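Below: data-v3.pdb (PDB, C-alpha atoms)
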ATOM      1  CA  MET O   7     121.011 123.121 104.890
ATOM      2  CA  PHE O   8     121.024 119.410 104.060
ATOM      3  CA  LYS O   9     122.872 118.227 100.956
ATOM      4  CA  LEU O  10     122.296 114.971  99.073
ATOM      5  CA  ASN O  11     125.461 113.406  97.700
ATOM      6  CA  SER O  12     123.747 110.736  95.626
ATOM      7  CA  CYS O  13     120.610 110.289  93.514
ATOM      8  CA  SER O  14     117.514 109.086  95.397
ATOM      9  CA  VAL O  15     116.406 107.048  92.377
ATOM     10  CA  CYS O  16     119.465 105.221  91.045
ATOM     11  CA  GLY O  17     122.008 105.901  93.801
ATOM     12  CA  SER O  18     124.583 107.444  91.473
ATOM     13  CA  SER O  19     126.903 110.106  92.868
ATOM     14  CA  ASN O  20     127.461 111.498  89.362
ATOM     15  CA  ILE O  21     125.524 114.727  89.904
ATOM     16  CA  GLU O  22     125.710 118.097  88.194
ATOM     17  CA  SER O  23     124.099 121.490  88.732
ATOM     18  CA  PHE O  24     121.033 121.997  86.543
ATOM     19  CA  LEU O  25     119.380 125.307  87.446
ATOM     20  CA  VAL O  26     119.275 128.018  90.098
ATOM     21  CA  CYS O  27     115.746 129.125  91.081
ATOM     22  CA  LYS O  28     114.296 131.696  93.435
ATOM     23  CA  ASP O  29     111.652 131.140  96.106
ATOM     24  CA  TYR O  30     109.083 133.678  94.928
ATOM     25  CA  THR O  31     106.392 132.591  97.388
ATOM     26  CA  PHE O  32     108.050 133.224 100.727
ATOM     27  CA  SER O  33     111.748 133.730 101.422
ATOM     28  CA  LYS O  34     113.036 135.191  98.107
ATOM     29  CA  GLU O  35     116.130 133.017  98.606
ATOM     30  CA  GLN O  36     117.842 131.196  95.761
ATOM     31  CA  PHE O  37     118.162 127.403  95.638
ATOM     32  CA  ASN O  38     120.098 125.079  93.377
ATOM     33  CA  ILE O  39     118.537 122.189  91.478
ATOM     34  CA  ASP O  40     120.886 119.290  90.710
ATOM     35  CA  SER O  41     120.484 116.606  88.066
ATOM     36  CA  CYS O  42     121.677 112.997  88.101
ATOM     37  CA  LYS O  43     123.844 112.430  85.017
ATOM     38  CA  GLN O  44     122.952 108.736  85.016
ATOM     39  CA  CYS O  45     119.121 108.728  85.214
ATOM     40  CA  GLY O  46     118.193 112.401  84.805
ATOM     41  CA  PHE O  47     116.430 112.745  88.175
ATOM     42  CA  LYS O  48     116.351 116.346  89.403
ATOM     43  CA  PHE O  49     116.240 117.508  93.014
ATOM     44  CA  THR O  50     116.658 120.662  95.077
ATOM     45  CA  ASN O  51     120.121 120.476  96.599
ATOM     46  CA  PRO O  52     120.993 121.546  99.218
ATOM     47  CA  ARG O  53     117.656 122.012 100.932
ATOM     48  CA  PRO O  54     116.496 123.256 104.343
ATOM     49  CA  GLU O  55     116.712 120.799 107.241
ATOM     50  CA  ASN O  56     113.502 118.921 108.128
ATOM     51  CA  ASN O  57     112.961 121.011 111.261
ATOM     52  CA  ILE O  58     113.122 124.224 109.211
ATOM     53  CA  ILE O  59     111.378 123.389 105.939
ATOM     54  CA  GLY O  60     107.928 123.929 107.493
ATOM     55  CA  SER O  61     108.579 127.665 107.812
ATOM     56  CA  TYR O  62     108.711 127.956 104.005
ATOM     57  CA  TYR O  63     105.016 127.008 103.828
ATOM     58  CA  LYS O  64     103.899 129.868 106.082
ATOM     59  CA  ALA O  65     102.692 132.187 103.373
ATOM     60  CA  GLU O  66      99.188 133.527 102.828
ATOM     61  CA  ASP O  67      99.450 132.734  99.119
ATOM     62  CA  TYR O  68     100.222 129.046  99.659
ATOM     63  CA  ILE O  69      96.817 128.053  98.380
ATOM     64  CA  SER O  70      96.680 124.331  99.234
ATOM     65  CA  HIS O  71      97.049 125.211 102.923
ATOM     66  CA  THR O  72      94.785 128.254 103.162
ATOM     67  CA  ASN O  73      92.036 128.083 100.511
ATOM     68  CA  THR O  74      92.781 131.744  99.847
ATOM     69  CA  LYS O  75      90.870 133.382  96.979
ATOM     70  CA  LYS O  76      92.939 136.546  97.129
ATOM     71  CA  GLY O  77      93.951 137.690  93.662
ATOM     72  CA  LEU O  78      92.768 136.716  90.188
ATOM     73  CA  VAL O  79      95.124 133.733  89.822
ATOM     74  CA  ASN O  80      93.849 132.109  93.011
ATOM     75  CA  ARG O  81      90.202 132.772  92.081
ATOM     76  CA  LEU O  82      90.790 131.043  88.756
ATOM     77  CA  TYR O  83      92.473 128.174  90.596
ATOM     78  CA  HIS O  84      89.352 127.633  92.718
ATOM     79  CA  TYR O  85      87.060 127.752  89.694
ATOM     80  CA  VAL O  86      89.050 125.076  87.868
ATOM     81  CA  ARG O  87      89.478 122.964  91.000
ATOM     82  CA  ASN O  88      85.731 122.574  91.434
ATOM     83  CA  TYR O  89      85.633 120.998  87.968
ATOM     84  CA  THR O  90      88.707 118.779  88.375
ATOM     85  CA  LEU O  91      87.634 117.334  91.732
ATOM     86  CA  SER O  92      84.864 115.287  90.131
ATOM     87  CA  LYS O  93      87.292 114.134  87.429
ATOM     88  CA  LYS O  94      89.669 112.870  90.092
ATOM     89  CA  VAL O  95      86.885 110.917  91.786
ATOM     90  CA  GLN O  96      85.953 109.437  88.407
ATOM     91  CA  LEU O  97      89.569 108.411  87.884
ATOM     92  CA  ILE O  98      89.898 106.454  91.123
ATOM     93  CA  SER O  99      86.441 104.925  90.599
ATOM     94  CA  SER O 100      87.555 103.605  87.207
ATOM     95  CA  TYR O 101      90.014 101.335  89.041
ATOM     96  CA  VAL O 102      88.171 100.607  92.295
ATOM     97  CA  SER O 103      84.386 100.920  92.549
ATOM     98  CA  ARG O 104      84.316 101.833  96.264
ATOM     99  CA  GLY O 105      86.333 101.343  99.425
ATOM    100  CA  THR O 106      88.767 103.365 101.520
ATOM    101  CA  VAL O 107      90.857 106.132 100.023
ATOM    102  CA  LEU O 108      93.836 107.768 101.737
ATOM    103  CA  ASP O 109      94.725 111.214 100.427
ATOM    104  CA  TYR O 110      98.303 111.758 101.544
ATOM    105  CA  GLY O 111      98.981 115.455 101.975
ATOM    106  CA  CYS O 112      95.302 116.279 101.664
ATOM    107  CA  GLY O 113      95.626 120.029 102.269
ATOM    108  CA  THR O 114      92.252 121.502 103.192
ATOM    109  CA  GLY O 115      90.422 118.272 102.319
ATOM    110  CA  MET O 116      88.510 119.292  99.205
ATOM    111  CA  PHE O 117      89.263 116.061  97.319
ATOM    112  CA  LEU O 118      88.276 113.899 100.278
ATOM    113  CA  SER O 119      85.006 115.788 100.646
ATOM    114  CA  ALA O 120      84.233 115.024  97.003
ATOM    115  CA  CYS O 121      85.093 111.341  97.563
ATOM    116  CA  LYS O 122      82.860 111.200 100.631
ATOM    117  CA  LYS O 123      79.892 112.507  98.625
ATOM    118  CA  TYR O 124      80.335 109.581  96.235
ATOM    119  CA  GLY O 125      80.299 107.006  99.032
ATOM    120  CA  TRP O 126      83.993 106.479  99.694
ATOM    121  CA  ASN O 127      85.436 105.911 103.149
ATOM    122  CA  THR O 128      88.060 108.614 103.558
ATOM    123  CA  ILE O 129      91.285 109.168 105.473
ATOM    124  CA  GLY O 130      93.533 112.181 105.110
ATOM    125  CA  MET O 131      97.075 112.941 106.211
ATOM    126  CA  GLU O 132      98.138 116.576 106.482
ATOM    127  CA  PRO O 133     101.079 117.881 108.558
ATOM    128  CA  ASP O 134     100.144 121.572 108.311
ATOM    129  CA  ASP O 135      98.080 122.643 111.337
ATOM    130  CA  GLN O 136      96.024 125.315 109.573
ATOM    131  CA  ALA O 137      95.140 123.139 106.572
ATOM    132  CA  ARG O 138      94.361 120.171 108.819
ATOM    133  CA  GLU O 139      91.882 122.187 110.874
ATOM    134  CA  LEU O 140      90.133 123.439 107.737
ATOM    135  CA  ALA O 141      89.794 119.826 106.589
ATOM    136  CA  LYS O 142      88.521 118.628 109.981
ATOM    137  CA  ASN O 143      85.868 121.339 109.914
ATOM    138  CA  GLN O 144      84.352 119.479 106.951
ATOM    139  CA  GLY O 145      83.834 116.412 109.134
ATOM    140  CA  LEU O 146      86.820 114.520 107.717
ATOM    141  CA  ASN O 147      89.162 112.128 109.499
ATOM    142  CA  ILE O 148      92.534 113.881 109.135
ATOM    143  CA  LEU O 149      95.763 112.532 110.624
ATOM    144  CA  PHE O 150      99.085 114.213 111.299
ATOM    145  CA  ASN O 151     101.715 111.714 110.101
ATOM    146  CA  LYS O 152     102.461 108.195 108.793
ATOM    147  CA  GLU O 153     102.592 106.762 112.313
ATOM    148  CA  GLN O 154      98.959 107.688 112.923
ATOM    149  CA  ILE O 155      97.982 106.112 109.591
ATOM    150  CA  ASN O 156      99.630 102.853 110.638
ATOM    151  CA  GLU O 157      97.664 102.936 113.900
ATOM    152  CA  ILE O 158      94.242 102.991 112.226
ATOM    153  CA  ALA O 159      94.860 101.268 108.866
ATOM    154  CA  ALA O 160      95.625  97.539 108.850
ATOM    155  CA  SER O 161      98.083  96.081 106.352
ATOM    156  CA  GLY O 162      96.482  95.865 102.917
ATOM    157  CA  SER O 163      93.324  97.695 103.999
ATOM    158  CA  LEU O 164      93.492 100.732 101.704
ATOM    159  CA  ASN O 165      91.952 100.509  98.243
ATOM    160  CA  VAL O 166      93.340 103.770  96.880
ATOM    161  CA  ILE O 167      96.184 106.048  97.946
ATOM    162  CA  THR O 168      96.430 109.435  96.243
ATOM    163  CA  LEU O 169      99.082 112.140  96.266
ATOM    164  CA  TRP O 170      97.956 115.212  94.358
ATOM    165  CA  HIS O 171     101.123 117.291  93.952
ATOM    166  CA  VAL O 172     102.552 115.934  97.198
ATOM    167  CA  LEU O 173     105.343 113.427  96.450
ATOM    168  CA  GLU O 174     107.643 116.272  95.437
ATOM    169  CA  HIS O 175     107.380 117.539  99.038
ATOM    170  CA  VAL O 176     108.173 114.232 100.780
ATOM    171  CA  THR O 177     111.568 114.144 102.500
ATOM    172  CA  ASP O 178     112.069 110.356 102.638
ATOM    173  CA  LEU O 179     110.867 108.819  99.392
ATOM    174  CA  LYS O 180     111.784 105.189 100.071
ATOM    175  CA  GLU O 181     110.304 105.071 103.575
ATOM    176  CA  THR O 182     107.070 106.698 102.399
ATOM    177  CA  LEU O 183     106.623 104.436  99.377
ATOM    178  CA  GLN O 184     107.307 101.324 101.459
ATOM    179  CA  CYS O 185     104.614 102.487 103.881
ATOM    180  CA  PHE O 186     102.168 102.808 100.978
ATOM    181  CA  LYS O 187     103.054  99.348  99.706
ATOM    182  CA  SER O 188     102.283  97.760 103.069
ATOM    183  CA  LEU O 189      98.945  99.577 103.468
ATOM    184  CA  LEU O 190      97.636  99.193  99.925
ATOM    185  CA  HIS O 191      95.323  96.298  99.066
ATOM    186  CA  LYS O 192      96.806  93.860  96.543
ATOM    187  CA  ASP O 193      94.245  95.053  93.977
ATOM    188  CA  GLY O 194      94.446  98.697  95.022
ATOM    189  CA  VAL O 195      95.997 101.623  93.154
ATOM    190  CA  LEU O 196      98.537 104.288  94.005
ATOM    191  CA  ILE O 197      97.903 107.538  92.122
ATOM    192  CA  ILE O 198     100.589 110.223  92.056
ATOM    193  CA  ALA O 199     100.338 113.625  90.352
ATOM    194  CA  VAL O 200     103.469 115.755  89.990
ATOM    195  CA  PRO O 201     104.738 118.656  87.854
ATOM    196  CA  ASN O 202     106.716 117.721  84.759
ATOM    197  CA  PRO O 203     110.012 119.582  84.127
ATOM    198  CA  ASN O 204     110.062 118.172  80.579
ATOM    199  CA  SER O 205     106.895 120.060  79.597
ATOM    200  CA  TYR O 206     106.946 122.943  77.128
ATOM    201  CA  ASP O 207     106.018 125.546  79.761
ATOM    202  CA  ALA O 208     108.892 124.349  81.985
ATOM    203  CA  GLN O 209     111.318 124.613  79.051
ATOM    204  CA  TYR O 210     109.994 128.068  78.167
ATOM    205  CA  TYR O 211     110.079 129.647  81.618
ATOM    206  CA  LYS O 212     113.247 127.853  82.853
ATOM    207  CA  GLU O 213     114.248 129.244  86.275
ATOM    208  CA  PHE O 214     110.974 131.210  86.464
ATOM    209  CA  TRP O 215     108.812 128.092  86.102
ATOM    210  CA  ALA O 216     106.479 128.242  89.083
ATOM    211  CA  ALA O 217     106.244 124.461  89.478
ATOM    212  CA  TYR O 218     109.879 124.224  90.566
ATOM    213  CA  ASP O 219     108.592 125.965  93.725
ATOM    214  CA  VAL O 220     111.883 125.705  95.613
ATOM    215  CA  PRO O 221     112.547 124.790  98.376
ATOM    216  CA  ARG O 222     109.096 123.286  99.051
ATOM    217  CA  HIS O 223     109.475 121.017  96.024
ATOM    218  CA  LEU O 224     112.392 118.798  96.955
ATOM    219  CA  TYR O 225     112.178 116.629  93.822
ATOM    220  CA  HIS O 226     111.337 117.293  90.168
ATOM    221  CA  PHE O 227     110.109 114.111  88.477
ATOM    222  CA  GLU O 228     110.412 113.158  84.840
ATOM    223  CA  VAL O 229     108.551 110.116  83.564
ATOM    224  CA  ASN O 230     111.550 107.753  83.490
ATOM    225  CA  SER O 231     112.774 108.645  86.970
ATOM    226  CA  MET O 232     109.252 108.302  88.382
ATOM    227  CA  LYS O 233     108.818 104.860  86.838
ATOM    228  CA  GLN O 234     112.228 103.716  88.076
ATOM    229  CA  LEU O 235     111.653 105.034  91.599
ATOM    230  CA  LEU O 236     108.326 103.223  91.934
ATOM    231  CA  HIS O 237     109.697 100.040  90.354
ATOM    232  CA  ASN O 238     112.538 100.074  92.886
ATOM    233  CA  ASN O 239     109.941 100.170  95.655
ATOM    234  CA  GLY O 240     107.735  97.328  94.445
ATOM    235  CA  PHE O 241     105.143  99.039  92.241
ATOM    236  CA  LYS O 242     104.064  98.285  88.685
ATOM    237  CA  PHE O 243     103.418 101.162  86.303
ATOM    238  CA  ILE O 244      99.934 101.118  84.740
ATOM    239  CA  GLU O 245      99.467 104.383  82.846
ATOM    240  CA  THR O 246      99.794 108.165  82.833
ATOM    241  CA  LYS O 247      97.066 110.794  82.526
ATOM    242  CA  PRO O 248      97.437 114.502  81.711
ATOM    243  CA  MET O 249      96.430 117.414  83.931
ATOM    244  CA  LYS O 250      95.718 119.882  81.136
ATOM    245  CA  PHE O 251      94.561 122.808  83.271
ATOM    246  CA  ASP O 252      97.835 122.949  85.180
ATOM    247  CA  SER O 253      99.763 124.476  82.281
ATOM    248  CA  PHE O 254      97.548 127.592  82.373
ATOM    249  CA  TYR O 255      97.735 128.081  86.142
ATOM    250  CA  VAL O 256     101.483 127.439  86.269
ATOM    251  CA  SER O 257     102.082 129.733  83.294
ATOM    252  CA  MET O 258     100.177 132.572  84.980
ATOM    253  CA  LEU O 259     102.355 132.279  88.067
ATOM    254  CA  SER O 260     105.502 131.859  85.983
ATOM    255  CA  GLU O 261     104.705 134.936  83.913
ATOM    256  CA  LYS O 262     104.271 136.919  87.119
ATOM    257  CA  TYR O 263     107.624 135.683  88.437
ATOM    258  CA  LYS O 264     109.349 136.491  85.151
ATOM    259  CA  THR O 265     107.822 139.878  84.319
ATOM    260  CA  GLY O 266     106.138 141.090  87.510
ATOM    261  CA  SER O 267     102.703 140.833  85.887
ATOM    262  CA  ALA O 268     100.300 137.919  85.465
ATOM    263  CA  ASN O 269     100.013 138.838  81.741
ATOM    264  CA  LEU O 270      97.018 136.574  81.252
ATOM    265  CA  LEU O 271      96.994 136.529  77.457
ATOM    266  CA  LYS O 272     100.663 135.570  77.237
ATOM    267  CA  ALA O 273     100.274 132.979  79.995
ATOM    268  CA  PHE O 274      97.205 131.487  78.307
ATOM    269  CA  TRP O 275      99.112 131.192  75.039
ATOM    270  CA  ILE O 276     102.092 129.444  76.666
ATOM    271  CA  GLY O 277      99.736 127.127  78.552
ATOM    272  CA  LEU O 278      97.888 126.316  75.346
ATOM    273  CA  MET O 279     101.124 125.712  73.438
ATOM    274  CA  SER O 280     102.305 123.421  76.226
ATOM    275  CA  ASN O 281      99.197 121.278  75.868
ATOM    276  CA  LEU O 282      99.358 121.279  72.069
ATOM    277  CA  LYS O 283     103.036 120.326  72.038
ATOM    278  CA  ALA O 284     102.563 117.501  74.539
ATOM    279  CA  LYS O 285     103.177 114.352  72.513
ATOM    280  CA  ASN O 286     101.642 112.114  75.160
ATOM    281  CA  SER O 287     100.284 112.355  78.702
ATOM    282  CA  SER O 288     103.780 112.321  80.189
ATOM    283  CA  SER O 289     104.690 115.541  78.322
ATOM    284  CA  TYR O 290     102.037 117.804  79.875
ATOM    285  CA  SER O 291     102.776 120.423  82.529
ATOM    286  CA  SER O 292     101.595 117.982  85.205
ATOM    287  CA  THR O 293     101.249 114.222  84.937
ATOM    288  CA  ILE O 294      99.157 111.692  86.844
ATOM    289  CA  TYR O 295     100.823 108.293  87.318
ATOM    290  CA  VAL O 296      98.867 105.158  88.177
ATOM    291  CA  PHE O 297     100.639 102.234  89.882
ATOM    292  CA  LYS O 298      99.707  98.879  91.400
ATOM    293  CA  HIS O 299     101.600  96.246  93.376
ATOM    294  CA  SER O 300     104.210  94.593  91.182
TER     295      SER O 300
END

As structure tokens, the full file:
Amino acid sequence: MFKLNSCSVCGSSNIESFLVCKDYTFSKEQFNIDSCKQCGFKFTNPRPENNIIGSYYKAEDYISHTNTKKGLVNRLYHYVRNYTLSKKVQLISSYVSRGTVLDYGCGTGMFLSACKKYGWNTIGMEPDDQARELAKNQGLNILFNKEQINEIAASGSLNVITLWHVLEHVTDLKETLQCFKSLLHKDGVLIIAVPNPNSYDAQYYKEFWAAYDVPRHLYHFEVNSMKQLLHNNGFKFIETKPMKFDSFYVSMLSEKYKTGSANLLKAFWIGLMSNLKAKNSSSYSSTIYVFKHS
């Protein structure tokens, strides 16, 4: 296990234990989440070493790597995803009409396929072998790591970089964000979507909240810590957007973790309450952040 002794956002060593969560997807182990007392940033601590963390993704139910439709929850996920893919393409097109988009941690490549249909040049990065092969089978250019991206993308050549529920998995935040800054065009956008531990569904389910997803989720971003992290790495905050469907999907998984049953009516109600109680787009179960060069 690897333990962080200071906050990755503000550098403070004033850290306290926040919550203990269980890995319901794979190992059934328990992991601690710490919180920075200075800036509020939350992170899984300690966490598996880099050469071990990959084994925690080897589960049939890890949907972004397998495209599995096994079970009602995953079938619902696929139904909603088909709708949200076009919305994501519309979002990036509202900032940049066309160009080259890098989807970092692209999974099985569904978003890139949607972008390609709308005339975008596409590049994907996906470290998981199984997911990468599924993406390549769609005729997509999928790379293995940041080094390969640097080999084919010149400085400032990318118009859009997206991370759809990926930044929380990244081991080295500063190195990764500095890579994005060097590759992104001066008028390009960096779009990051992450779960929000300040949402109503997170507060309701606490240690059973599925979006903590320890130990695969190394970091748990609130709006202020996200803004500060990106500011520290040379990005200017533009706006946030809600991901309203996420509260329902996450609540279904959370209800299953808490009670042993998906309990769809209860999960739907909690998901709906989470959306209704969200005071702004940074209070929803998942939040999209848009950044540009500062």

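You can rank O:Lys247, O:Lys180, O:His175, O:Lys43 by their closest distance to Ser14 of chain O using all atoms listed in the file, and at the top of that list sits O:Lys180.
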
Checklist entry - Which residue out of O:Glu181, O:Asp219, O:Glu213, O:Asp207 has the minimum interatomic distance to Ser291 of chain O when only C-alpha atoms are used? => result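 Nearest candidate to Ser291 of chain O out of O:Glu181, O:Asp219, O:Glu213, O:Asp207: O:Asp207.
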
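Distances from O:Leu236, O:Val220, O:Leu278, O:Leu140 to Lys34 of chain O were compared using all atoms listed in the file, and the smallest one belongs to O:Val220.
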
Can I get the residues of segment 123-241 of chain O within 6 Å of segment 251-265 of chain O, each with the closest pair of atoms and their distance in Å to one decimal, using only C-alpha atoms, sorted chain first then ascending number, as a Markdown table?
| residue | atom | partner | partner_atom | distance |
| --- | --- | --- | --- | --- |
| O:Phe214 | CA | O:Ser260 | CA | 5.5 |
| O:Trp215 | CA | O:Ser260 | CA | 5.0 |
| O:Ala216 | CA | O:Ser260 | CA | 4.9 |

Item to check | Residue nearest Gly240 of chain O - candidates O:His226, O:His299, O:Lys122, O:Lys283, atoms counted: only C-alpha atoms | outcome: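 Ranking O:His226, O:His299, O:Lys122, O:Lys283 by distance to Gly240 of chain O, first place goes to O:His299.
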
Item to check | Chain and number of each residue from the PyMOL selection byres ((chain O and resi 190) around 9), as a list in words | outcome: Ser161, Gly162, Ser163, Leu164, Asn165, Val166, Ile167, Cys185, Phe186, Lys187, Ser188, Leu189, His191, Lys192, Asp193, Gly194, Val195, Leu196, Lys298 and His299 of chain O

Checklist entry - For Ala273 of chain O, which of O:Cys27, O:Thr90, O:Leu97, O:Tyr211 is the closest residue, counting all atoms listed in the file? => result O:Tyr211

Next on the checklist: Rounded to one decimal, what separation in Å do you get between atom CA of Thr31 of chain O and atom CA of Val200 of chain O?
Outcome noted: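 According to the coordinates, atom CA of Thr31 of chain O and atom CA of Val200 of chain O are separated by 18.6 Å.
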
Checklist entry - Which polymer residues have any atom within 12 Å of an atom of Ser18 of chain O, counting only C-alpha atoms, with same-chain residues fewer than 5 positions away left out, as a list of chain:residue names? => result O:Leu10, O:Asn11, O:Ser12, O:Cys13, O:Ser41, O:Cys42, O:Lys43, O:Gln44, O:Cys45, O:Gly46, O:Phe47
